[in-house]
Every structure is written in C-alpha cells, then in structure tokens.
$ cat coords13.tsv   # TSV, C-alpha atoms
chain	number	residue	atom	x	y	z
A	1	MET	CA	81.84	-43.33	-14.30
A	2	ALA	CA	79.91	-40.71	-12.32
A	3	VAL	CA	76.98	-39.11	-14.12
A	4	LEU	CA	77.68	-35.77	-12.44
A	5	ARG	CA	80.68	-34.29	-10.65
A	6	VAL	CA	80.63	-30.85	-9.07
A	7	GLU	CA	83.87	-29.56	-7.56
A	8	SER	CA	84.57	-26.39	-5.55
A	9	LEU	CA	81.64	-24.58	-7.16
A	10	VAL	CA	81.22	-20.92	-6.22
A	11	VAL	CA	78.46	-18.61	-7.40
A	12	GLU	CA	78.53	-14.99	-6.27
A	13	ARG	CA	75.72	-12.47	-6.47
A	14	SER	CA	75.98	-8.84	-5.29
A	15	GLY	CA	79.15	-9.67	-3.36
A	16	ARG	CA	77.53	-12.61	-1.56
A	17	ARG	CA	78.32	-16.28	-2.12
A	18	VAL	CA	75.09	-18.01	-3.11
A	19	LEU	CA	77.05	-21.25	-3.51
A	20	ASP	CA	80.18	-21.61	-1.42
A	21	GLU	CA	82.70	-24.32	-2.42
A	22	VAL	CA	80.05	-26.93	-3.25
A	23	SER	CA	81.48	-30.35	-4.14
A	24	PHE	CA	79.75	-33.69	-4.64
A	25	VAL	CA	79.65	-36.70	-6.96
A	26	HIS	CA	76.44	-38.31	-8.22
A	27	GLU	CA	77.09	-41.89	-9.30
A	28	SER	CA	73.66	-43.05	-10.51
A	29	GLY	CA	69.94	-43.02	-9.81
A	30	ILE	CA	68.12	-40.07	-8.26
A	31	LEU	CA	69.98	-37.44	-6.25
A	32	VAL	CA	67.89	-35.05	-4.16
A	33	VAL	CA	69.32	-31.69	-3.11
A	34	LEU	CA	67.35	-30.79	0.00
A	35	GLY	CA	67.39	-27.41	1.70
A	36	PRO	CA	65.32	-24.46	2.94
A	37	ASN	CA	64.32	-21.49	0.81
A	38	GLY	CA	67.37	-19.40	-0.07
A	39	ALA	CA	69.82	-22.28	0.35
A	40	GLY	CA	71.05	-22.00	-3.25
A	41	LYS	CA	69.26	-25.08	-4.63
A	42	THR	CA	67.88	-23.48	-7.80
A	43	THR	CA	71.18	-21.66	-8.43
A	44	LEU	CA	72.96	-25.02	-8.26
A	45	LEU	CA	70.55	-26.57	-10.77
A	46	LYS	CA	70.85	-23.60	-13.14
A	47	SER	CA	74.64	-23.76	-12.89
A	48	ILE	CA	74.57	-27.41	-13.95
A	49	ALA	CA	72.17	-26.56	-16.80
A	50	GLY	CA	74.37	-23.68	-18.00
A	51	LEU	CA	71.84	-20.96	-17.20
A	52	VAL	CA	74.01	-19.39	-14.48
A	53	GLU	CA	77.76	-18.92	-14.86
A	54	PRO	CA	79.66	-19.71	-11.65
A	55	SER	CA	82.64	-17.71	-10.41
A	56	LYS	CA	84.75	-20.79	-9.85
A	57	GLY	CA	84.69	-24.57	-9.98
A	58	VAL	CA	84.22	-27.59	-12.22
A	59	ILE	CA	81.08	-29.34	-13.50
A	60	GLU	CA	81.30	-32.64	-15.36
A	61	ILE	CA	78.31	-34.46	-16.86
A	62	GLY	CA	79.35	-38.00	-17.69
A	63	ASP	CA	82.77	-37.75	-19.33
A	64	ILE	CA	82.20	-34.19	-20.61
A	65	VAL	CA	83.55	-31.16	-18.78
A	66	VAL	CA	80.77	-28.60	-19.25
A	67	TYR	CA	82.29	-25.94	-16.96
A	68	ASP	CA	85.83	-25.41	-15.71
A	69	SER	CA	86.84	-21.97	-14.49
A	70	TRP	CA	90.56	-22.79	-14.58
A	71	ARG	CA	90.50	-24.14	-18.15
A	72	ARG	CA	87.95	-21.51	-19.23
A	73	VAL	CA	85.41	-24.08	-20.37
A	74	ASN	CA	81.73	-23.06	-20.30
A	75	LEU	CA	79.53	-25.03	-22.69
A	76	PRO	CA	76.18	-23.45	-23.62
A	77	PRO	CA	73.00	-25.09	-22.27
A	78	GLU	CA	72.16	-26.76	-25.59
A	79	ALA	CA	75.54	-28.54	-25.61
A	80	ARG	CA	75.19	-30.02	-22.11
A	81	ARG	CA	72.49	-32.64	-22.85
A	82	VAL	CA	70.43	-31.85	-19.77
A	83	GLY	CA	66.67	-31.91	-19.49
A	84	TYR	CA	65.79	-29.00	-17.21
A	85	VAL	CA	62.28	-28.56	-15.78
A	86	PRO	CA	62.07	-25.28	-13.80
A	87	GLN	CA	59.70	-24.72	-10.92
A	88	SER	CA	57.53	-22.47	-13.08
A	89	ILE	CA	56.43	-24.77	-15.90
A	90	SER	CA	58.03	-23.72	-19.19
A	91	LEU	CA	55.81	-25.38	-21.81
A	92	PHE	CA	55.12	-23.35	-24.94
A	93	PRO	CA	51.58	-22.12	-24.18
A	94	HIS	CA	50.59	-21.65	-27.85
A	95	MET	CA	51.45	-25.28	-28.68
A	96	THR	CA	49.56	-28.45	-27.86
A	97	VAL	CA	51.14	-30.97	-25.51
A	98	TYR	CA	51.95	-33.15	-28.51
A	99	GLU	CA	53.66	-30.27	-30.33
A	100	ASN	CA	55.71	-29.50	-27.20
A	101	LEU	CA	56.93	-33.09	-27.00
A	102	VAL	CA	57.72	-33.35	-30.71
A	103	PHE	CA	59.63	-30.06	-30.59
A	104	ALA	CA	61.84	-31.42	-27.80
A	105	ALA	CA	62.33	-34.81	-29.45
A	106	ARG	CA	63.20	-33.58	-32.94
A	107	LYS	CA	66.84	-32.61	-32.33
A	108	ARG	CA	67.90	-36.01	-30.95
A	109	HIS	CA	65.46	-38.29	-32.74
A	110	GLY	CA	64.78	-36.63	-36.11
A	111	ARG	CA	62.15	-38.58	-38.03
A	112	GLU	CA	61.43	-40.65	-34.94
A	113	ALA	CA	60.33	-37.55	-33.00
A	114	HIS	CA	56.60	-38.28	-33.33
A	115	ARG	CA	57.02	-41.86	-32.12
A	116	VAL	CA	59.19	-40.74	-29.19
A	117	ALA	CA	56.69	-38.03	-28.24
A	118	ARG	CA	53.85	-40.56	-28.07
A	119	MET	CA	56.03	-43.02	-26.16
A	120	TYR	CA	56.78	-40.55	-23.37
A	121	ALA	CA	53.18	-39.35	-23.32
A	122	GLU	CA	52.15	-42.95	-22.69
A	123	LEU	CA	54.82	-43.46	-20.03
A	124	LEU	CA	53.63	-40.33	-18.17
A	125	GLY	CA	49.97	-41.23	-18.65
A	126	ILE	CA	49.08	-38.09	-20.61
A	127	GLU	CA	48.02	-39.54	-23.97
A	128	HIS	CA	44.55	-38.04	-23.46
A	129	LEU	CA	46.11	-34.57	-23.14
A	130	LEU	CA	48.11	-34.56	-26.38
A	131	ASP	CA	45.66	-32.32	-28.26
A	132	ARG	CA	45.28	-29.79	-25.48
A	133	LYS	CA	47.07	-26.46	-25.47
A	134	ALA	CA	49.59	-26.21	-22.65
A	135	SER	CA	47.67	-23.21	-21.26
A	136	GLN	CA	44.63	-25.46	-20.69
A	137	LEU	CA	46.37	-27.90	-18.33
A	138	SER	CA	46.05	-28.21	-14.57
A	139	GLY	CA	49.17	-27.96	-12.40
A	140	GLY	CA	49.65	-31.73	-12.21
A	141	GLU	CA	48.97	-32.22	-15.92
A	142	ALA	CA	51.40	-29.44	-16.86
A	143	GLN	CA	54.09	-30.93	-14.62
A	144	LYS	CA	53.75	-34.36	-16.24
A	145	ALA	CA	53.84	-32.79	-19.70
A	146	ALA	CA	56.96	-30.78	-18.83
A	147	ILE	CA	58.74	-33.89	-17.53
A	148	ALA	CA	57.69	-35.83	-20.65
A	149	ARG	CA	59.07	-33.05	-22.83
A	150	ALA	CA	62.36	-33.04	-20.95
A	151	LEU	CA	62.67	-36.83	-21.30
A	152	ALA	CA	61.78	-36.68	-25.02
A	153	SER	CA	64.96	-34.69	-25.63
A	154	ASP	CA	66.95	-37.77	-24.46
A	155	PRO	CA	69.01	-35.95	-21.82
A	156	ALA	CA	72.10	-37.45	-20.24
A	157	LEU	CA	70.90	-35.88	-16.99
A	158	LEU	CA	67.40	-34.81	-15.90
A	159	LEU	CA	67.14	-31.74	-13.65
A	160	LEU	CA	63.88	-31.09	-11.76
A	161	ASP	CA	63.32	-27.93	-9.70
A	162	GLU	CA	60.67	-28.41	-6.98
A	163	PRO	CA	58.66	-30.73	-9.27
A	164	PHE	CA	55.73	-31.18	-6.86
A	165	SER	CA	55.38	-27.70	-5.33
A	166	ASN	CA	52.48	-26.50	-7.51
A	167	ILE	CA	50.39	-29.66	-7.17
A	168	ASP	CA	47.63	-30.41	-4.65
A	169	ALA	CA	48.47	-32.88	-1.87
A	170	PRO	CA	46.62	-36.01	-3.15
A	171	SER	CA	48.04	-35.58	-6.68
A	172	ARG	CA	51.49	-34.88	-5.26
A	173	ASP	CA	51.55	-38.11	-3.25
A	174	LYS	CA	50.56	-40.13	-6.31
A	175	LEU	CA	52.93	-38.37	-8.73
A	176	ARG	CA	55.96	-38.90	-6.46
A	177	VAL	CA	55.48	-42.66	-6.54
A	178	GLU	CA	54.71	-42.75	-10.27
A	179	LEU	CA	57.66	-40.57	-11.22
A	180	ARG	CA	60.17	-42.51	-9.13
A	181	ARG	CA	58.95	-45.78	-10.63
A	182	LEU	CA	59.31	-44.35	-14.15
A	183	LEU	CA	62.80	-42.88	-13.61
A	184	VAL	CA	64.04	-46.16	-12.12
A	185	LYS	CA	62.53	-48.07	-15.05
A	186	LEU	CA	64.20	-45.76	-17.57
A	187	GLY	CA	67.50	-45.73	-15.65
A	188	LYS	CA	67.56	-41.96	-16.13
A	189	PRO	CA	70.08	-40.13	-13.89
A	190	THR	CA	68.21	-37.32	-12.17
A	191	VAL	CA	68.86	-34.41	-9.82
A	192	ILE	CA	65.85	-33.04	-7.94
A	193	VAL	CA	65.96	-29.95	-5.75
A	194	THR	CA	63.31	-29.54	-3.06
A	195	HIS	CA	62.56	-28.20	0.39
A	196	SER	CA	60.25	-31.16	1.11
A	197	PHE	CA	61.35	-34.03	3.34
A	198	ALA	CA	58.71	-36.26	1.73
A	199	ASP	CA	60.12	-35.55	-1.75
A	200	ALA	CA	63.63	-36.36	-0.54
A	201	TRP	CA	62.86	-39.63	1.22
A	202	ILE	CA	60.41	-40.99	-1.36
A	203	MET	CA	62.37	-39.97	-4.46
A	204	GLY	CA	66.01	-40.03	-3.46
A	205	ASP	CA	68.66	-42.72	-3.73
A	206	ALA	CA	71.02	-40.15	-2.23
A	207	ILE	CA	70.53	-36.78	-0.53
A	208	VAL	CA	72.69	-33.67	-0.42
A	209	LEU	CA	71.65	-31.25	2.33
A	210	LEU	CA	72.31	-27.64	1.27
A	211	ARG	CA	72.11	-24.72	3.70
A	212	ASP	CA	73.29	-21.14	3.11
A	213	GLY	CA	75.07	-22.24	-0.04
A	214	ARG	CA	77.11	-24.96	1.67
A	215	ILE	CA	76.73	-28.73	1.91
A	216	VAL	CA	76.18	-29.69	5.55
A	217	ALA	CA	75.43	-33.40	5.02
A	218	SER	CA	75.26	-35.96	2.23
A	219	GLY	CA	74.62	-39.66	1.80
A	220	ALA	CA	71.88	-42.25	1.55
A	221	PRO	CA	68.50	-41.28	3.07
A	222	SER	CA	69.12	-43.74	5.93
A	223	SER	CA	72.32	-41.88	6.87
A	224	MET	CA	70.30	-38.72	7.50
A	225	LEU	CA	68.65	-40.50	10.43
A	226	ARG	CA	71.96	-40.19	12.32
A	227	PRO	CA	73.09	-36.60	11.63
A	228	ARG	CA	76.73	-35.67	12.22
A	229	SER	CA	76.36	-31.88	12.44
A	230	LEU	CA	74.25	-29.46	14.46
A	231	GLU	CA	73.16	-27.66	11.28
A	232	ALA	CA	71.89	-30.86	9.69
A	233	ALA	CA	70.06	-31.96	12.85
A	234	ARG	CA	68.33	-28.59	13.18
A	235	PHE	CA	67.16	-28.48	9.59
A	236	LEU	CA	65.95	-32.09	9.70
A	237	GLY	CA	63.82	-31.28	12.75
A	238	PHE	CA	65.59	-33.39	15.37
A	239	ASN	CA	65.06	-32.69	19.05
A	240	LEU	CA	68.27	-31.26	20.51
A	241	ILE	CA	69.02	-31.95	24.16
A	242	PRO	CA	72.04	-30.24	25.80
A	243	ALA	CA	74.26	-32.89	27.37
A	244	THR	CA	77.72	-33.67	28.71
A	245	LEU	CA	79.71	-36.52	27.16
A	246	LEU	CA	80.82	-38.90	29.94
A	247	SER	CA	82.42	-41.80	28.10
A	248	VAL	CA	82.85	-43.51	24.72
A	249	GLU	CA	83.81	-47.17	24.60
A	250	ASN	CA	83.27	-49.88	21.97
A	251	GLY	CA	80.56	-47.89	20.19
A	252	ILE	CA	78.65	-47.21	23.44
A	253	VAL	CA	78.31	-43.56	24.41
A	254	VAL	CA	77.23	-42.43	27.89
A	255	LEU	CA	76.02	-38.89	28.47
A	256	GLU	CA	74.39	-36.80	31.19
A	257	ALA	CA	71.37	-34.64	30.37
A	258	GLY	CA	69.04	-32.93	32.85
A	259	GLY	CA	70.55	-34.92	35.70
A	260	GLU	CA	69.86	-38.24	33.95
A	261	LYS	CA	72.15	-40.75	32.24
A	262	VAL	CA	71.59	-41.33	28.52
A	263	VAL	CA	73.10	-44.22	26.54
A	264	GLY	CA	73.70	-44.25	22.80
A	265	GLU	CA	74.69	-47.23	20.64
A	266	GLY	CA	76.64	-47.18	17.39
A	267	VAL	CA	77.21	-43.45	17.67
A	268	SER	CA	80.15	-41.65	16.07
A	269	VAL	CA	81.53	-38.90	18.30
A	270	ASP	CA	84.33	-36.45	17.49
A	271	ALA	CA	84.67	-35.01	20.99
A	272	PRO	CA	86.53	-36.04	24.18
A	273	PRO	CA	84.80	-36.96	27.46
A	274	GLY	CA	83.70	-33.86	29.36
A	275	SER	CA	82.64	-32.03	26.18
A	276	ARG	CA	79.33	-30.20	25.97
A	277	VAL	CA	77.33	-31.73	23.11
A	278	TYR	CA	73.74	-32.18	21.95
A	279	ILE	CA	71.74	-35.38	21.90
A	280	ALA	CA	69.76	-35.46	18.65
A	281	VAL	CA	66.68	-37.65	18.44
A	282	LYS	CA	63.74	-37.69	16.01
A	283	GLY	CA	60.29	-37.06	17.43
A	284	ASP	CA	58.87	-40.26	15.95
A	285	ASP	CA	61.66	-42.34	17.53
A	286	VAL	CA	60.60	-41.39	21.07
A	287	ILE	CA	58.46	-44.11	22.68
A	288	LEU	CA	55.74	-43.08	25.13
A	289	SER	CA	54.29	-45.23	27.89
A	290	ARG	CA	52.21	-44.95	31.08
A	291	VAL	CA	54.64	-47.35	32.83
A	292	ARG	CA	58.42	-47.61	32.84
A	293	GLY	CA	59.82	-50.28	30.55
A	294	GLU	CA	63.00	-52.34	30.86
A	295	GLY	CA	66.50	-51.26	29.91
A	296	PRO	CA	68.19	-47.85	29.81
A	297	ASN	CA	66.92	-44.46	28.67
A	298	TRP	CA	63.53	-44.24	30.40
A	299	TYR	CA	62.61	-40.81	31.74
A	300	ARG	CA	59.68	-39.04	33.36
A	301	GLY	CA	58.05	-36.33	31.29
A	302	VAL	CA	55.09	-33.95	31.37
A	303	VAL	CA	52.91	-33.01	28.39
A	304	VAL	CA	53.19	-29.24	27.99
A	305	SER	CA	51.01	-28.91	24.90
A	306	LEU	CA	49.58	-30.96	22.04
A	307	TYR	CA	47.89	-30.50	18.69
A	308	GLU	CA	46.43	-32.70	16.00
A	309	THR	CA	47.91	-33.16	12.53
A	310	ARG	CA	46.78	-35.02	9.43
A	311	TYR	CA	48.78	-38.04	10.59
A	312	GLY	CA	48.25	-38.08	14.36
A	313	LEU	CA	49.27	-36.07	17.41
A	314	LYS	CA	52.25	-33.85	18.05
A	315	LEU	CA	53.12	-33.42	21.70
A	316	VAL	CA	55.52	-31.06	23.42
A	317	ILE	CA	56.90	-32.92	26.44
A	318	GLU	CA	59.20	-31.53	29.10
A	319	ALA	CA	61.91	-34.05	29.99
A	320	LEU	CA	65.70	-34.24	30.41
A	321	GLY	CA	65.84	-30.48	30.99
A	322	ALA	CA	64.43	-29.75	27.53
A	323	GLN	CA	61.16	-29.55	25.64
A	324	LEU	CA	60.86	-32.40	23.16
A	325	ASN	CA	58.55	-32.57	20.15
A	326	VAL	CA	57.13	-36.09	20.03
A	327	GLU	CA	54.86	-37.63	17.39
A	328	THR	CA	52.37	-40.44	17.95
A	329	THR	CA	49.25	-41.84	16.33
A	330	ARG	CA	45.74	-41.21	17.60
A	331	ALA	CA	45.20	-44.96	18.00
A	332	TYR	CA	48.32	-45.32	20.18
A	333	ALA	CA	47.34	-42.30	22.27
A	334	ARG	CA	43.91	-43.84	22.93
A	335	SER	CA	44.71	-47.52	23.39
A	336	ILE	CA	48.14	-47.44	25.05
A	337	LEU	CA	48.26	-44.08	26.76
A	338	GLY	CA	44.55	-43.95	27.66
A	339	GLY	CA	44.19	-40.50	26.15
A	340	VAL	CA	46.55	-37.54	26.26
A	341	LYS	CA	46.06	-34.08	27.71
A	342	GLU	CA	48.17	-31.19	28.93
A	343	GLY	CA	49.74	-31.86	32.32
A	344	LEU	CA	49.74	-35.64	31.84
A	345	GLU	CA	52.82	-37.38	33.25
A	346	LEU	CA	54.33	-40.06	31.02
A	347	TRP	CA	57.40	-42.21	30.64
A	348	LEU	CA	59.61	-41.49	27.62
A	349	HIS	CA	62.03	-43.97	26.12
A	350	LEU	CA	64.91	-42.96	23.83
A	351	PRO	CA	66.05	-46.14	22.05
A	352	PRO	CA	69.87	-46.19	22.30
A	353	ASP	CA	70.22	-46.89	18.57
A	354	ALA	CA	68.14	-43.77	17.78
A	355	VAL	CA	70.42	-41.43	19.76
A	356	SER	CA	72.83	-39.25	17.76
A	357	ILE	CA	75.48	-36.86	19.08
A	358	VAL	CA	76.17	-33.52	17.41
A	359	THR	CA	78.37	-30.61	18.34
$ encode --input "coords13.tsv" --output "structure tokens"
Amino acid sequence: MAVLRVESLVVERSGRRVLDEVSFVHESGILVVLGPNGAGKTTLLKSIAGLVEPSKGVIEIGDIVVYDSWRRVNLPPEARRVGYVPQSISLFPHMTVYENLVFAARKRHGREAHRVARMYAELLGIEHLLDRKASQLSGGEAQKAAIARALASDPALLLLDEPFSNIDAPSRDKLRVELRRLLVKLGKPTVIVTHSFADAWIMGDAIVLLRDGRIVASGAPSSMLRPRSLEAARFLGFNLIPATLLSVENGIVVLEAGGEKVVGEGVSVDAPPGSRVYIAVKGDDVILSRVRGEGPNWYRGVVVSLYETRYGLKLVIEALGAQLNVETTRAYARSILGGVKEGLELWLHLPPDAVSIVT
C-alpha cells in the first residue's frame, strides 16, 4: 500500500493555478519535492497537511482518504496523522524543549508521553537542550527540536518544509546525513520539499521535480541524470547544445551539433530523424584533456572564462557551437591540464552514456 497518493490536485489562488493537476504516488522511504521558489512546493505540503484546501483532486494517506473534492471529503489537520514542520520553526517559545515534545506526544502516547519525549530527544541528540526554552535555541537546535516534536506525535507521514534552509553550511551538511540515517532507521515515510539539489540527492529515495505548479519529472535520483524534458534539464543545470537528430538504432543515437558528430548511448528519444533537439549533458560529466583521447565525442574547445568555487573550478568553454559550463577540481586542473586560463585551447570529451536528448 502506498503511504501517500495525490491525484489531479489543483490549488487556485487569485485566479491562478498554484498547483496544476499534480499527481504522484509515494510508496515508501523519503520523497523529495524539488523545485525553484514559487513552484508550489509549500502549497503542496500544506494541502497534504490540511492547512490549504485544494480546488480539486484526491489525497490519500495510507488507506485513509483525507481529501476528495468529488466525494466532498476534507479531514481537518488533526485527523490526518501528519507531522508537519514548516520552514519557520513553530515550537512554542514559552515552553522548554521537553515541554514541546511532551505536548506533541501526549495525544498518541498518553502516560508514555514523557518516555517518548526523551526517546526522540536522544535520537535527535538534543537531550542536553531539554530544559532550554525554545526561544533560546540556535537555528540547527530549533530544527532538531521541531523534527523531534513532529516524530513524538507518531505521525503516519512526516512533512518537512525546507528543513535545512535556516542552518549554516557545516551544520547543514552534518544534519542531512544524521536525519536521513534516523528516518531510515525509524522507517518513517517522509516528504521533504526543497530548492536544494544537495538536499534532494542526499535525502531522497525518490524525487518529484515541480515547476510552475506542474510535475515535470519524477523518479529515483539516478533517473534525474538522464532528463526527458527541456524544463527538467534547464532546472537541473544541464548544458543544452542545439543539435539535429541524424539516426536512432539499437539504443545508439547520432546527432550533429556545431558541425560535429555526437554519439549517445542508451538514450530514449521521442523524435524522428531530422528533428531539431537539444543535447543535455552535466558539467561534471564533461572530461577535459590537453590531448585527444580515443573513441567518439572528442571536440576542440576554448576557455572563455573561469572562476573558483568551494569545490573546484567552473569553466565556461566554447565548443560545439555553444558555451558549456564545465566543472573540474583544482588538482585535476594543475596536474592534468597544466593550469587553466582564459583563451586556453582544450579537448572536451562527452561520454556517450552521459548524453541525453531533450526536446
């Protein structure tokens, strides 16, 4: 049985569809709804929680229909058994952390509420914060306390809205790993909404990509590495190279781009030969070299610009009639490329199994 089913969900606001016929099924584990600001992510979460009433659609949590516009079902939030943690932490500021957790646990656990509160405090590593008022917590501490409180209510489904957005980078990296480990250990079905790629790939067992209120892609994180739509490829930051489709045979695709032949392997294409399409390739899949390697898909390129990031170098390279954003490490740039500067001519390799085709 699916832990969550959303069907044909529509939410309208001021005559505009904030959610437009959204449908998906979440079977188990952690589902991440990924999208830019204004995509409708928070509205979707609030609709599931019962805090926003949709115009149309169906929402099922487990075997309970919590919303059905045709059958006129709309259960109140307290009847949906969801643990909702909004982006702005909603702890009771006049209570201690312990009192917040006990308050949440009391309805489901009764006399066991105090034991349950301490159990989740220990699981989240906040036992030392139990006597503090919620108003005295840092961003990371408050987030952990809010998640512990949501779990203490024994929800059938945990809903987290941008859970790492108000936390500094080092704490965020650590909390992602800790929280995923805990949710897997507990077997707690969870939906997380975020605009962060790191959140999605580290936390998610499955990803739904939401843009302008519509789902443009969904599947396992690995499936997002071969996008099927132009919208998904753009949002995910793929390089897009205009091309002409020449042939498709036995999973091998041959294209022409910038006067060069490009080969793709294992690519799904819904277009006939002669169609204008885009080659989509991730910047960290492009291989750079001072000499041409063996096999297909090697091209001359020129470094147009470059800048340093926390993780390495980002280069803009002109090749195949387009400007490609390419990522590499500082060590690779020094040892293999002998240093990189604007105007440098390089060889680029697009691995055939990293080439996607979108229209």
$ closest_residue --input "coords13.tsv" --among "A:Val291, A:Leu240, A:Leu209, A:Val254" --to "Ala39 (chain A)" --atoms "only C-alpha atoms"
A:Leu209
$ closest_residue --input "coords13.tsv" --among "A:Ala233, A:Met203, A:Val248, A:Ala117" --to "Glu162 (chain A)" --atoms "only C-alpha atoms"
A:Met203
$ atom_distance --input "coords13.tsv" --atom1 "CA of Ala280 (chain A)" --atom2 "CA of Thr359 (chain A)"
9.9 Å
$ atom_distance --input "coords13.tsv" --atom1 "CA of Arg71 (chain A)" --atom2 "CA of Leu158 (chain A)"
25.5 Å
$ residues_around --input "coords13.tsv" --residues "region 351-355 of chain A" --least-positions-apart "3" --cutoff "8 Å" --atoms "all atoms listed in the file" --output "number ranges by chain"
A: 226, 263-267, 279-282, 285-287, 296-297
$ residues_around --input "coords13.tsv" --residues "Ala49 (chain A)" --least-positions-apart "4" --cutoff "12 Å" --atoms "only C-alpha atoms" --output "ChimeraX atom specification"
/A:4,42-45,53-54,59-61,66-67,74-86,155-161,191
$ atom_distance --input "coords13.tsv" --atom1 "CA of Tyr311 (chain A)" --atom2 "CA of Ser356 (chain A)"
25.1 Å
$ closest_residue --input "coords13.tsv" --among "A:Gly139, A:Gly293, A:Gly339, A:Gly35" --to "Asp199 (chain A)" --atoms "all atoms listed in the file"
A:Gly35
$ residues_around --input "coords13.tsv" --residues "region 104-110 of chain A" --least-positions-apart "4" --cutoff "9 Å" --atoms "all atoms listed in the file" --output "count of residues only"
11
$ residues_near_point --input "coords13.tsv" --point "(78.2, -30.2, 12.8)" --cutoff "12 Å" --atoms "all atoms listed in the file" --output "PyMOL selection string"
chain A and resi 215-217+226-235+269-271+277-278+280+356-359
$ residues_around --input "coords13.tsv" --residues "region 173-175 of chain A" --least-positions-apart "2" --cutoff "9 Å" --atoms "only C-alpha atoms" --output "list in words"
Gly140, Lys144, Phe164, Asp168, Ala169, Pro170, Ser171, Val177, Glu178, Leu179, Arg180 and Ala198 of chain A
$ write_last_selection --input "coords13.tsv" --atoms "C-alpha atoms" --output "PDB file, in the coordinates of the input"
ATOM      1  CA  GLY A 140      49.650 -31.730 -12.210  1.00  0.00           C
ATOM      2  CA  LYS A 144      53.750 -34.360 -16.240  1.00  0.00           C
ATOM      3  CA  PHE A 164      55.730 -31.180  -6.860  1.00  0.00           C
ATOM      4  CA  ASP A 168      47.630 -30.410  -4.650  1.00  0.00           C
ATOM      5  CA  ALA A 169      48.470 -32.880  -1.870  1.00  0.00           C
ATOM      6  CA  PRO A 170      46.620 -36.010  -3.150  1.00  0.00           C
ATOM      7  CA  SER A 171      48.040 -35.580  -6.680  1.00  0.00           C
ATOM      8  CA  VAL A 177      55.480 -42.660  -6.540  1.00  0.00           C
ATOM      9  CA  GLU A 178      54.710 -42.750 -10.270  1.00  0.00           C
ATOM     10  CA  LEU A 179      57.660 -40.570 -11.220  1.00  0.00           C
ATOM     11  CA  ARG A 180      60.170 -42.510  -9.130  1.00  0.00           C
ATOM     12  CA  ALA A 198      58.710 -36.260   1.730  1.00  0.00           C
TER      13      ALA A 198
END
$ residues_near_point --input "coords13.tsv" --point "(74.2, -36.2, 1.8)" --cutoff "12 Å" --atoms "all atoms listed in the file" --output "PyMOL selection string"
chain A and resi 23-26+31-35+200-201+204-211+214-229+232
$ closest_residue --input "coords13.tsv" --among "A:Asp212, A:Asp68, A:Glu7, A:Glu260" --to "Asn37 (chain A)" --atoms "all atoms listed in the file"
A:Asp212
$ closest_residue --input "coords13.tsv" --among "A:Gly259, A:Arg17, A:Trp298, A:Pro272" --to "Ser247 (chain A)" --atoms "all atoms listed in the file"
A:Pro272
$ closest_residue --input "coords13.tsv" --among "A:Ser289, A:Ser275, A:Asn239, A:Ser268" --to "Val326 (chain A)" --atoms "only C-alpha atoms"
A:Asn239
$ decode --input "coords13.tsv" --residues "region 165-210 of chain A" --atoms "C-alpha atoms" --output "PDB file, in the first residue's frame"
ATOM      1  CA  SER A 165      17.392  26.426   4.873  1.00  0.00           C
ATOM      2  CA  ASN A 166      17.968  28.316   8.143  1.00  0.00           C
ATOM      3  CA  ILE A 167      21.104  26.414   9.158  1.00  0.00           C
ATOM      4  CA  ASP A 168      24.746  27.313   8.489  1.00  0.00           C
ATOM      5  CA  ALA A 169      26.567  25.235   5.856  1.00  0.00           C
ATOM      6  CA  PRO A 170      28.706  22.975   8.134  1.00  0.00           C
ATOM      7  CA  SER A 171      25.722  22.167  10.381  1.00  0.00           C
ATOM      8  CA  ARG A 172      23.512  21.621   7.336  1.00  0.00           C
ATOM      9  CA  ASP A 173      25.882  19.055   5.821  1.00  0.00           C
ATOM     10  CA  LYS A 174      26.008  17.128   9.092  1.00  0.00           C
ATOM     11  CA  LEU A 175      22.266  17.304   9.806  1.00  0.00           C
ATOM     12  CA  ARG A 176      21.338  15.981   6.343  1.00  0.00           C
ATOM     13  CA  VAL A 177      23.315  12.800   6.931  1.00  0.00           C
ATOM     14  CA  GLU A 178      22.101  12.382  10.521  1.00  0.00           C
ATOM     15  CA  LEU A 179      18.459  12.960   9.648  1.00  0.00           C
ATOM     16  CA  ARG A 180      18.458  10.554   6.714  1.00  0.00           C
ATOM     17  CA  ARG A 181      20.077   7.872   8.862  1.00  0.00           C
ATOM     18  CA  LEU A 182      17.442   8.388  11.576  1.00  0.00           C
ATOM     19  CA  LEU A 183      14.443   8.361   9.210  1.00  0.00           C
ATOM     20  CA  VAL A 184      15.686   5.175   7.536  1.00  0.00           C
ATOM     21  CA  LYS A 185      16.226   3.582  10.954  1.00  0.00           C
ATOM     22  CA  LEU A 186      12.707   4.519  12.074  1.00  0.00           C
ATOM     23  CA  GLY A 187      11.166   3.527   8.732  1.00  0.00           C
ATOM     24  CA  LYS A 188       9.223   6.792   8.835  1.00  0.00           C
ATOM     25  CA  PRO A 189       7.625   7.775   5.494  1.00  0.00           C
ATOM     26  CA  THR A 190       8.632  11.357   4.783  1.00  0.00           C
ATOM     27  CA  VAL A 191       8.020  14.105   2.233  1.00  0.00           C
ATOM     28  CA  ILE A 192      10.604  16.890   2.082  1.00  0.00           C
ATOM     29  CA  VAL A 193      10.237  19.992  -0.068  1.00  0.00           C
ATOM     30  CA  THR A 194      13.367  21.911  -1.020  1.00  0.00           C
ATOM     31  CA  HIS A 195      15.033  24.015  -3.685  1.00  0.00           C
ATOM     32  CA  SER A 196      18.428  22.453  -2.889  1.00  0.00           C
ATOM     33  CA  PHE A 197      19.959  19.811  -5.153  1.00  0.00           C
ATOM     34  CA  ALA A 198      22.134  18.622  -2.257  1.00  0.00           C
ATOM     35  CA  ASP A 199      19.054  18.072  -0.065  1.00  0.00           C
ATOM     36  CA  ALA A 200      17.369  16.116  -2.851  1.00  0.00           C
ATOM     37  CA  TRP A 201      20.254  13.809  -3.717  1.00  0.00           C
ATOM     38  CA  ILE A 202      21.429  13.159  -0.153  1.00  0.00           C
ATOM     39  CA  MET A 203      17.983  12.725   1.406  1.00  0.00           C
ATOM     40  CA  GLY A 204      15.759  11.345  -1.318  1.00  0.00           C
ATOM     41  CA  ASP A 205      14.829   7.804  -2.265  1.00  0.00           C
ATOM     42  CA  ALA A 206      12.660   9.389  -4.950  1.00  0.00           C
ATOM     43  CA  ILE A 207      12.378  12.897  -6.391  1.00  0.00           C
ATOM     44  CA  VAL A 208       9.434  14.818  -7.825  1.00  0.00           C
ATOM     45  CA  LEU A 209      10.502  17.884  -9.808  1.00  0.00           C
ATOM     46  CA  LEU A 210       7.895  20.653  -9.508  1.00  0.00           C
TER      47      LEU A 210
END
